[in-house]
Structures are given as structure tokens and as C-alpha cells.
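Colleague: Below is one structure. I have some questions about it.
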Amino acid sequence: TPEDLAKEIARTKEMTDKPFGVNLTILPAIKPPPYAEYRQAIIEGGIKIVETAGYKPQEHIDHFKEHGIKVIHKCTAVRHALSAERMGADAISIDGFECAGHPGEDDIPGLILIPAAADKVKVPMLASGGFGDGRGLVAALALGADGINMGTRFCVTKEAPIHENFKKQMVENDERDTKLIFRTLHNTARVMKNAVSEEVVAIEAKGGAKFEDIQHLVAGVRGRAAMEKGDADDGIWSAGMIQGLIHDIPTVKELIDRIIADAEKIMDERLAKMRVGIVNGTGRLSG
């Protein structure tokens, strides 16, 4: 509820004196959230950074910018990024097909989507989908992004308020352990592979499926109950292909420190060895 959001913002302020942002996702829902009230809670909470995601964020961007709030809009296509930029978004998060949650309907992986967006987007841009270590960070920077977003990887940390069974399951999973649901409804979502997501895919595969046919399987109430009892094989849980590169459950500090150290090592050692130089002033290039 908007009241709960206000409480969480206040609680976070008690925990840190550093800047932090709030996400506002605009997607189809069984019961549409009270977006205007969410925005008001964010504004009254003194938040200065908001990440929006989903369909046509114009009214949200306008409202936030009236109050001096910077808006990062997450999108899954270059055309959507350019549209959000025109609407006034201060930064873009470009989300590749590897991501957890909603990858869009174009199925373009980050290796293509990130540089394609970097060629056209003028505001700062973050790369999302499939990131979890120093190699991914270096790759994103090389492809033209200014930084990375991580979702699934942060879920598998000691601080994440998620049942330990789910964290352990994501460590055990590999890059194949996701399912794409809602494909036939043109609202594709990438979720963890389990009994429920496989049942949803099977129902859709029969053809002619309506949301009502799978609603009992994907309802948030069911997923919340599964989380509370630690049953990773029940309910729907968003998780990305990056599961295949997650091998432990560190603290957030340990994770960030490791990513930065690994990225610096890759740039200082591996890439330095591959740098092209001029040989003896002759103008000839050598590897």
C-alpha cells in the first residue's frame, strides 16, 4: 500500500544517510496499484531518484520532475528508450532478453541491445539483464553503458529479505533454469523454473489460453505464501539467466568489492595484454 511504501522509505532513511532510489513499475495487474498515491508517498518521503519501468511513463515522469526528482526509466527496446528520453527521463536502463522479470517481446539479448541503444541514446544509460560479476561490468562498459543494474544477483546475498531456500535454489540452478511465461498473452516474463512455471508454460502451449486459465498459478498471494514457507517449487518467482554465474551467498559489500576488484583486474591485466600499440614508430600495428 502507499502507506507501507512511506514506512519503508522512512525505515531506509533510518538505516543510511546515503542517497537511495525507489522503483515504480507500471505493468498490467489483477488489481491495478494506486500509482498516484505511490508517487505522492515517494515525493513526500523526500526521494530524489526514481526508477520507472513499464508502459507509457509520461505522467509519472512529469509528476516526479515537477518535484526535482531524477527519473531512470527501464525499457527493453531502443525505440522505447528513445521515447522515454523524449518524455524527459534523466537516464535509461536498457534491459536485455537475459533478464529476470519482463524482457519485452523483441527477444534481443544484451550483447546487441546495449550497443544499439548506446548508438542512439544521449542521456546516461545503465545495462540490465545478465549481470552479476566483474566480467559483466567490464563488458557493459565496453558496449557503451555507463554502469550496470543487478536484480537476481542481489537477491542471492545475505541481506536480501528472501527465504534461504530460494537463495540456495538459485545457487544450485544454472543458466537454463528459467521459464518464459505469458508469451502467448504478449506480456512475457522470465521466472525461475519450477513446477508452477512449467505448468503455466504447458497450459499456454495448448493454445488459446486466457489469463483466467493460469491466474490461480501466478497470483501474487500464492507466490507470497511460497516465499513465507520457503517452498521454491511453488508460486512464481522472477529470476534471470545469471543464475548460472551465481555460486555463493555473499554479503552485499563482499559482492560489490569482488565485482570491482575483478573488473579492475580484467582491465589492468587481461585487456592490457591485448592492447594494440605502435611498433618502433613505423606506424605498423601489432597485437
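For the C-alpha cells, the naming scheme is as follows: chains receive sequential letters (A, B, ...) according to their order of presentation, residues are indexed from 1 within each chain, and ligands are indexed from 1 in presentation order.
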Do you know which residues are at most 7 Å from segment 39-56 of chain A counting only C-alpha atoms, after dropping those on the same chain fewer than 5 positions away, and could you put them as a PDB file with N, CA and C atoms, in the first residue's frame?
Modeller:
```pdb
ATOM      1  N   PRO A   2       0.342   2.389  -0.392  1.00  0.00           N
ATOM      2  CA  PRO A   2       1.119   3.633  -0.311  1.00  0.00           C
ATOM      3  C   PRO A   2       1.609   3.915   1.111  1.00  0.00           C
ATOM      4  N   LEU A   5       4.623   1.814   1.701  1.00  0.00           N
ATOM      5  CA  LEU A   5       5.765   2.378   0.975  1.00  0.00           C
ATOM      6  C   LEU A   5       6.367   3.539   1.768  1.00  0.00           C
ATOM      7  N   ALA A   6       5.529   4.400   2.309  1.00  0.00           N
ATOM      8  CA  ALA A   6       6.013   5.530   3.109  1.00  0.00           C
ATOM      9  C   ALA A   6       6.801   5.035   4.320  1.00  0.00           C
ATOM     10  N   ILE A   9      10.238   3.774   3.151  1.00  0.00           N
ATOM     11  CA  ILE A   9      11.123   4.909   2.851  1.00  0.00           C
ATOM     12  C   ILE A   9      11.690   5.476   4.156  1.00  0.00           C
ATOM     13  N   PHE A  20      19.288   7.036  -1.930  1.00  0.00           N
ATOM     14  CA  PHE A  20      18.721   5.773  -2.401  1.00  0.00           C
ATOM     15  C   PHE A  20      17.505   6.065  -3.255  1.00  0.00           C
ATOM     16  N   GLY A  21      17.162   5.122  -4.100  1.00  0.00           N
ATOM     17  CA  GLY A  21      16.054   5.318  -5.023  1.00  0.00           C
ATOM     18  C   GLY A  21      14.890   4.398  -4.723  1.00  0.00           C
ATOM     19  N   VAL A  22      13.785   4.631  -5.411  1.00  0.00           N
ATOM     20  CA  VAL A  22      12.579   3.818  -5.286  1.00  0.00           C
ATOM     21  C   VAL A  22      12.146   3.413  -6.692  1.00  0.00           C
ATOM     22  N   ASN A  23      11.703   2.174  -6.828  1.00  0.00           N
ATOM     23  CA  ASN A  23      11.206   1.688  -8.116  1.00  0.00           C
ATOM     24  C   ASN A  23       9.687   1.812  -8.184  1.00  0.00           C
ATOM     25  N   LEU A  24       9.191   2.236  -9.342  1.00  0.00           N
ATOM     26  CA  LEU A  24       7.752   2.269  -9.599  1.00  0.00           C
ATOM     27  C   LEU A  24       7.504   1.562 -10.926  1.00  0.00           C
ATOM     28  N   THR A  25       6.986   0.338 -10.846  1.00  0.00           N
ATOM     29  CA  THR A  25       6.769  -0.461 -12.043  1.00  0.00           C
ATOM     30  C   THR A  25       5.310  -0.352 -12.493  1.00  0.00           C
ATOM     31  N   ILE A  26       5.142  -0.062 -13.776  1.00  0.00           N
ATOM     32  CA  ILE A  26       3.814   0.194 -14.342  1.00  0.00           C
ATOM     33  C   ILE A  26       3.488  -0.962 -15.292  1.00  0.00           C
ATOM     34  N   LEU A  27       2.849  -1.995 -14.767  1.00  0.00           N
ATOM     35  CA  LEU A  27       2.562  -3.182 -15.577  1.00  0.00           C
ATOM     36  C   LEU A  27       1.119  -3.639 -15.336  1.00  0.00           C
ATOM     37  N   GLY A  68      11.596  17.917  -8.715  1.00  0.00           N
ATOM     38  CA  GLY A  68      13.041  17.829  -8.738  1.00  0.00           C
ATOM     39  C   GLY A  68      13.601  16.431  -8.582  1.00  0.00           C
ATOM     40  N   ILE A  69      12.813  15.422  -8.936  1.00  0.00           N
ATOM     41  CA  ILE A  69      13.241  14.033  -8.804  1.00  0.00           C
ATOM     42  C   ILE A  69      13.812  13.533 -10.129  1.00  0.00           C
ATOM     43  N   LYS A  70      14.986  12.926 -10.069  1.00  0.00           N
ATOM     44  CA  LYS A  70      15.600  12.337 -11.256  1.00  0.00           C
ATOM     45  C   LYS A  70      14.932  11.003 -11.565  1.00  0.00           C
ATOM     46  N   VAL A  71      14.663  10.757 -12.843  1.00  0.00           N
ATOM     47  CA  VAL A  71      13.960   9.536 -13.246  1.00  0.00           C
ATOM     48  C   VAL A  71      14.831   8.694 -14.166  1.00  0.00           C
ATOM     49  N   ILE A  72      15.033   7.437 -13.769  1.00  0.00           N
ATOM     50  CA  ILE A  72      15.671   6.437 -14.628  1.00  0.00           C
ATOM     51  C   ILE A  72      14.548   5.551 -15.152  1.00  0.00           C
ATOM     52  N   HIS A  73      14.393   5.450 -16.462  1.00  0.00           N
ATOM     53  CA  HIS A  73      13.336   4.588 -16.999  1.00  0.00           C
ATOM     54  C   HIS A  73      13.942   3.317 -17.565  1.00  0.00           C
ATOM     55  N   LYS A  74      13.428   2.183 -17.097  1.00  0.00           N
ATOM     56  CA  LYS A  74      13.900   0.886 -17.583  1.00  0.00           C
ATOM     57  C   LYS A  74      13.052   0.456 -18.772  1.00  0.00           C
ATOM     58  N   CYS A  75      13.717   0.029 -19.857  1.00  0.00           N
ATOM     59  CA  CYS A  75      12.983  -0.406 -21.042  1.00  0.00           C
ATOM     60  C   CYS A  75      13.736  -1.540 -21.732  1.00  0.00           C
TER      61      CYS A  75
END
```
Colleague: Quick one: everything within 7 Å of Ile94 of chain A, counting only C-alpha atoms, minus sequence neighbours fewer than 5 positions away in the same chain. Send it as a PyMOL selection string.
Modeller: chain A and resi 74-76+114+126-128
Colleague: Quick one: DSSP strand (DSSP E or B) residues in segment 49-250 of chain A, as number ranges by chain?
Modeller: A: 49-54, 70-75, 91-95, 101, 125-128, 147-148, 178-181, 189-192, 238
Colleague: Name the closest residue to Gln58 of chain A among the candidates A:Asp248, A:Asp268, A:Glu85, A:Asp4; distances are taken between atoms, counting only C-alpha atoms.
Modeller: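 Using only C-alpha atoms, the shortest distance to Gln58 of chain A belongs to A:Glu85.
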Colleague: Using only C-alpha atoms, can you tell me which of A:Met241, A:Ala202, A:Met192, A:Ala77 comes closest to Asp95 of chain A?
Modeller: A:Ala77
Colleague: Taking 5 positions as the minimum chain separation for residues in the same chain, which residues sit within 8 Å of Val252 of chain A when counting only C-alpha atoms? Answer as a VMD selection string.
Modeller: chain A and resid 154 157 to 159
Colleague: Restricted to all heavy atoms, what would the selected residues look like written as a PDB file, in the first residue's frame?
Modeller:
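The resulting out11.pdb:
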```pdb
ATOM      1  N   PHE A 154      21.577  -9.622  -6.587  1.00  0.00           N
ATOM      2  CA  PHE A 154      21.396  -9.031  -5.264  1.00  0.00           C
ATOM      3  C   PHE A 154      20.424  -9.853  -4.406  1.00  0.00           C
ATOM      4  O   PHE A 154      20.473  -9.802  -3.174  1.00  0.00           O
ATOM      5  CB  PHE A 154      20.896  -7.595  -5.383  1.00  0.00           C
ATOM      6  CG  PHE A 154      21.984  -6.579  -5.560  1.00  0.00           C
ATOM      7  CD1 PHE A 154      21.882  -5.602  -6.538  1.00  0.00           C
ATOM      8  CD2 PHE A 154      23.102  -6.579  -4.748  1.00  0.00           C
ATOM      9  CE1 PHE A 154      22.889  -4.649  -6.702  1.00  0.00           C
ATOM     10  CE2 PHE A 154      24.108  -5.639  -4.897  1.00  0.00           C
ATOM     11  CZ  PHE A 154      24.002  -4.666  -5.876  1.00  0.00           C
ATOM     12  N   THR A 157      22.080 -12.646  -1.747  1.00  0.00           N
ATOM     13  CA  THR A 157      23.029 -12.077  -0.795  1.00  0.00           C
ATOM     14  C   THR A 157      22.461 -12.277   0.607  1.00  0.00           C
ATOM     15  O   THR A 157      21.260 -12.519   0.771  1.00  0.00           O
ATOM     16  CB  THR A 157      23.248 -10.567  -1.027  1.00  0.00           C
ATOM     17  OG1 THR A 157      21.992  -9.886  -0.958  1.00  0.00           O
ATOM     18  CG2 THR A 157      23.902 -10.310  -2.379  1.00  0.00           C
ATOM     19  N   LYS A 158      23.327 -12.174   1.589  1.00  0.00           N
ATOM     20  CA  LYS A 158      22.904 -12.431   2.963  1.00  0.00           C
ATOM     21  C   LYS A 158      21.833 -11.455   3.417  1.00  0.00           C
ATOM     22  O   LYS A 158      20.927 -11.807   4.177  1.00  0.00           O
ATOM     23  CB  LYS A 158      24.115 -12.383   3.901  1.00  0.00           C
ATOM     24  CG  LYS A 158      25.123 -13.504   3.663  1.00  0.00           C
ATOM     25  CD  LYS A 158      26.191 -13.530   4.730  1.00  0.00           C
ATOM     26  CE  LYS A 158      27.276 -14.562   4.425  1.00  0.00           C
ATOM     27  NZ  LYS A 158      26.756 -15.933   4.275  1.00  0.00           N
ATOM     28  N   GLU A 159      21.920 -10.188   2.958  1.00  0.00           N
ATOM     29  CA  GLU A 159      20.975  -9.178   3.426  1.00  0.00           C
ATOM     30  C   GLU A 159      19.602  -9.273   2.781  1.00  0.00           C
ATOM     31  O   GLU A 159      18.635  -8.727   3.311  1.00  0.00           O
ATOM     32  CB  GLU A 159      21.532  -7.767   3.162  1.00  0.00           C
ATOM     33  CG  GLU A 159      22.759  -7.422   3.981  1.00  0.00           C
ATOM     34  CD  GLU A 159      24.053  -7.735   3.242  1.00  0.00           C
ATOM     35  OE1 GLU A 159      24.029  -8.613   2.343  1.00  0.00           O
ATOM     36  OE2 GLU A 159      25.067  -7.109   3.556  1.00  0.00           O
TER      37      GLU A 159
END
```
Colleague: Residues within 10 Å of Leu217 of chain A, please, as a count of residues only. Count only C-alpha atoms; anything in the same chain fewer than 3 positions from it doesn't count.
Modeller: 14
